Amino acid sequence: MRYSKLFGKTSKTVTKDAVAVSHKLLLQGGFIRMLSAGRFTLLPLGLKVSQKIENIIRAEVEKTGAQELIIPTLHPLDLWATAKRDKKFGSATMKVTDRNNSEFILGPTGEVVMLDLVRQLNITYKDLPINIYQFSQKFRDETRATGGLLRVKEFLMKDAYSFHVDEADLMVTFNRYKTAYKNIAKILDLNAIPVEADSGAIGGNLSYEFMVETEAGEDTVAKCSCGYIANTEKATFVLDPINLSENIKPMEIVSQPEWVLSMEDNVKHYGKDKKYFLKNVVYKDIDGTIIIAVIRGDLSVNKSKLARVYGAKGDLGPATDEDLTKLGTRPGWVHCWGHDAVYVGDLSLKTVHNFIGGQKEKDTDSVNVNHGRDFTCQIEGDIAQVEEGFICPSCKKQQLRLVKAIEFGHIFNIGYVYSDPMNITFVDKDGSLKKFYMGSYGIGIGRALATIAETHNDAKGIVWPASVAPYAVHLLVLDLQDEAIKSEAEKLYQHLLDNKVDVLYDDRLESTAGEKFADADLLGIPIRLVVSKRSLSAGGVEIKSRSGTEAKIIPLDQITDHLS
RNA sequence: CGGGGAUUGGCGCAAUUGGCUAGCGCGCACGGUUUGGGACCGUGAGGUUGCAGGUUCGAAUCCUGUAUCCCCGACCA
C-alpha cells in the first residue's frame, strides 16, 4: 500500500476529549474516527488491525470445534420476551419497529436467537454438543461510552454458544474455550488473566472474565499474591468476628437527637467505630419490589452480589425518597425490621454483638440490637463490597489488592437460564424431552484492539505486536528528489510485493524525513525500512524494529531474508 | 440516570464590563528555498461562533429553551 494513497491521515493534535492513551493514539494515527458517542468508524488502518484480530480469534475458536454462522442483527422483541430476558438488559436494549409496527431489538447478545435456531433444527442427543459462533455487530445503549474503543455502544463481537445434554458435557467445551481464550490473548500479546466474575445480564452461575490489568480499565479486580483473583462484583474476603465474646445485652430504645441520620452522625454521637452500627441500604427491583440490604456499618453493599443473593429480576436501582415514604419511613430512619420489604442480610451481621441502631425514629434509637434475637432477614448471604487490604478468602492470611483491569473476554456457564423459560428441548436417549444446557463465550474485537494499543505504546506512538500490526513492514523513502534513489525505492517496494511482504510504502513526495519518521513511530508497524542517500551509500537499506533502537544496513538483494 | 465541564474554519485554541471586517497555530492549495526526526519564506482558500427563540441601535459575548460531546459516580465484550 502506498501511504500517499492511504485513506486516513495522521494528525499532530488530538481532541481533548480523548483521555485514554489508546483513544488518543488511534485517533492520531488515523485508525479510527468518531461518529457519535460510542460509535466509531474503523478507517482502513484500523480495519486491518481489526481483521487480523478477527482471524486470530477465528482460528483459535475453530479449534474448540466451533462452526461459524451468522444470525440477523434485528431480533423480534417477542422472542426475547419468551426468554424473559427482555427486561434484564433493560435500558441497554435498542428498539426499532418496521413498517408493520413489529418491534425488534438490535441484538445486544445472541443467546435467544441461537436457541431459537437450535429449536428449528430438531436436535437430538446424537447431535450434541453443538458449538456455533459468529462475528457480528452488537448494540448496547450504554449509559456512558468512554475511553474511545474501550467501551462503545456498537461493536463487533465474536460470540459463541454451546448446547449440551448436561453440565458435565458443557464443562468440556467450556474448558476448551478457556484454553482458546488464553491462546488468543497470548497471540495478541495481552496478559489476560481468567477471573471469577459476576454473570450480570447474560445470566448463569459460573463465569470467567479474562482481565487485562491497566490503569485505563473500568473493572476492579481483587487479587492476592497467593493467586486468588476475582472481580470485585464477586470477590469475597475473610470476615473476622468483632466482639463475639461480649455478652448479649437486653435491647433498649434510647433517646437520640434528631440530627443523627448518617453513619458519620452516629459515629460522632456515640463515639464508637462504624463497625458497631447497623446499616440499611434500600434498593428497588424492576418489578417495584423494595429490598432492604442490612449490613455492618463499616462495610458497603455490593449491588451485583446483592442482586445475585436476592435473585433480582433486572437491574436493581436505588430506592427514591418517595419509595421510602410509601414504606412509612425516610432517609436515615429505615429499620432493620418491620418494613414491608424483602430484607437481605449480610453475613457480617453475625460478627458483632450488641449493635447500635436497627430502629430509628425522630428522637429515639435502639442499642444492643442482636441479629437472630431482635431481627432476622428473609434472605441472608454475602453482599459486602471487598475493599483494599481485606484478607484474602483463599490463603486467609494476606491482604487483597485492588487493581484496574479491562474485560477482554468473558465465558459463561449459563445452564438453563434461557432454555428453561423458552422451553427449548432435545430428545434424549430414553426418548424424553430435555432442556439444553448452555454456555456462551464473547470477545469484543474493538475492545481487544484498544486494549492492545493501551498496553503497547511508548512516547512516540503505538508499538503493535507483529500478530496484529496493520502491515508487517513500513518502507520509508527519503531524498526523493534524487531520481536514482526514487527508482531504487520503487524497485524495492515492487520486490517486497512480489515476495508477498505486507508493506506500507511511504512514498510521499513533499514530506520531510522527520515527518515520515514521526508517522512511522506513531503507526507502530513492527519493522521499518529506510531507503535514502545515506542508506544507499552505506550499501543498502536501513532496517530497524519499532521496539528497538538499533538500525542496521542490509544489502538490497538480501532484504527479504531479514523479513521472514 | 445523578453531579461537573464544554461546544468558535478539517484539528488545537483566542476574542465576553455587549462594539470595528471573529483572530492565532497546525493542516490544506499554489510558488519558491529545503531534505535523517513533525523545516522555512511568500500567496491563498476555508467560519451564517451547536441549534431555536428573545433582549438590544448592535450578540461569539446577556436571557430562555434545546441538542450534542467529555469527565466523575451507578452498568458491560
# chains A, B, ... in the order shown; residues from 1 in each chain; ligands from 1

call {"tool": "residues_around", "arguments": {"residues": "range 535-547 of chain A", "least_positions_apart": "6", "cutoff": "12 Å", "atoms": "only C-alpha atoms (C1' of nucleotides)", "output": "count of residues only"}}
result
53

call {"tool": "interface_residues", "arguments": {"of": "chain B", "to": "chain A", "cutoff": "8 Å", "atoms": "only C-alpha atoms (C1' of nucleotides)", "output": "PyMOL selection string"}}
result
chain B and resi 1+11-12+26+35-39+69-70+75-77

call {"tool": "closest_residue", "arguments": {"among": "B:G19, B:G2, B:G25, B:G73", "to": "C57 in chain B", "atoms": "only C-alpha atoms (C1' of nucleotides)"}}
result
B:G19

call {"tool": "select_by_dssp", "arguments": {"residues": "range 463-514 of chain A", "states": "strand (DSSP E)", "output": "ChimeraX atom specification"}}
result
/A:473-477,503-506

call {"tool": "atom_distance", "arguments": {"atom1": "CA of Gly110 in chain A", "atom2": "CA of Arg58 in chain A"}}
result
17.4 Å

call {"tool": "residues_around", "arguments": {"residues": "C24 in chain B", "least_positions_apart": "4", "cutoff": "12 Å", "atoms": "only C-alpha atoms (C1' of nucleotides)", "output": "list in words"}}
result
G12, C13, A14 and A15 of chain B

call {"tool": "select_by_dssp", "arguments": {"residues": "range 93-148 of chain A", "states": "alpha helix (DSSP H)", "output": "list in words"}}
result
Glu111, Val112, Val113, Met114, Leu115, Asp116, Leu117, Val118, Arg119 and Gln120 of chain A

call {"tool": "write_last_selection", "arguments": {"atoms": "N, CA and C atoms", "output": "PDB file, in the first residue's frame"}}
result
ATOM      1  N   GLU A 111     -27.903 -15.241  22.610  1.00  0.00           N
ATOM      2  CA  GLU A 111     -28.421 -16.496  23.176  1.00  0.00           C
ATOM      3  C   GLU A 111     -29.824 -16.860  22.694  1.00  0.00           C
ATOM      4  N   VAL A 112     -30.713 -15.871  22.724  1.00  0.00           N
ATOM      5  CA  VAL A 112     -32.118 -16.127  22.448  1.00  0.00           C
ATOM      6  C   VAL A 112     -32.326 -16.596  21.004  1.00  0.00           C
ATOM      7  N   VAL A 113     -31.702 -15.888  20.092  1.00  0.00           N
ATOM      8  CA  VAL A 113     -31.873 -16.228  18.679  1.00  0.00           C
ATOM      9  C   VAL A 113     -31.170 -17.551  18.356  1.00  0.00           C
ATOM     10  N   MET A 114     -30.024 -17.773  18.958  1.00  0.00           N
ATOM     11  CA  MET A 114     -29.304 -19.029  18.727  1.00  0.00           C
ATOM     12  C   MET A 114     -30.127 -20.219  19.229  1.00  0.00           C
ATOM     13  N   LEU A 115     -30.742 -20.036  20.372  1.00  0.00           N
ATOM     14  CA  LEU A 115     -31.556 -21.110  20.942  1.00  0.00           C
ATOM     15  C   LEU A 115     -32.769 -21.375  20.058  1.00  0.00           C
ATOM     16  N   ASP A 116     -33.352 -20.311  19.558  1.00  0.00           N
ATOM     17  CA  ASP A 116     -34.494 -20.474  18.657  1.00  0.00           C
ATOM     18  C   ASP A 116     -34.068 -21.194  17.382  1.00  0.00           C
ATOM     19  N   LEU A 117     -32.856 -20.897  16.944  1.00  0.00           N
ATOM     20  CA  LEU A 117     -32.312 -21.541  15.754  1.00  0.00           C
ATOM     21  C   LEU A 117     -32.142 -23.038  15.991  1.00  0.00           C
ATOM     22  N   VAL A 118     -31.610 -23.362  17.157  1.00  0.00           N
ATOM     23  CA  VAL A 118     -31.383 -24.760  17.502  1.00  0.00           C
ATOM     24  C   VAL A 118     -32.723 -25.507  17.541  1.00  0.00           C
ATOM     25  N   ARG A 119     -33.745 -24.843  18.049  1.00  0.00           N
ATOM     26  CA  ARG A 119     -35.064 -25.472  18.104  1.00  0.00           C
ATOM     27  C   ARG A 119     -35.533 -25.873  16.702  1.00  0.00           C
ATOM     28  N   GLN A 120     -35.317 -24.960  15.749  1.00  0.00           N
ATOM     29  CA  GLN A 120     -35.810 -25.228  14.398  1.00  0.00           C
ATOM     30  C   GLN A 120     -35.136 -26.428  13.758  1.00  0.00           C
TER      31      GLN A 120
END

call {"tool": "residues_around", "arguments": {"residues": "Leu400 in chain A", "least_positions_apart": "5", "cutoff": "7 Å", "atoms": "only C-alpha atoms (C1' of nucleotides)", "output": "list in words"}}
result
Ala222, Lys223, Cys224, Glu388, Gly389, Phe390, Ile391 and Cys392 of chain A

call {"tool": "write_last_selection", "arguments": {"atoms": "C-alpha atoms", "output": "PDB file, in the first residue's frame"}}
result
ATOM      1  CA  ALA A 222      -9.234  -8.082  43.879  1.00  0.00           C
ATOM      2  CA  LYS A 223      -6.048 -10.112  43.831  1.00  0.00           C
ATOM      3  CA  CYS A 224      -3.793 -11.780  46.317  1.00  0.00           C
ATOM      4  CA  GLU A 388      -8.271  -2.817  49.524  1.00  0.00           C
ATOM      5  CA  GLY A 389      -6.489  -4.546  52.377  1.00  0.00           C
ATOM      6  CA  PHE A 390      -9.246  -7.016  53.296  1.00  0.00           C
ATOM      7  CA  ILE A 391      -8.000 -10.510  53.989  1.00  0.00           C
ATOM      8  CA  CYS A 392      -7.867 -12.978  51.097  1.00  0.00           C
TER       9      CYS A 392
END

call {"tool": "residues_around", "arguments": {"residues": "Gly357 in chain A", "least_positions_apart": "6", "cutoff": "7 Å", "atoms": "only C-alpha atoms (C1' of nucleotides)", "output": "number ranges by chain"}}
result
A: 277-278, 365-367, 369

call {"tool": "residues_around", "arguments": {"residues": "G42 in chain B", "least_positions_apart": "6", "cutoff": "12 Å", "atoms": "only C-alpha atoms (C1' of nucleotides)", "output": "list in words"}}
result
C30, G31, G32 and U33 of chain B
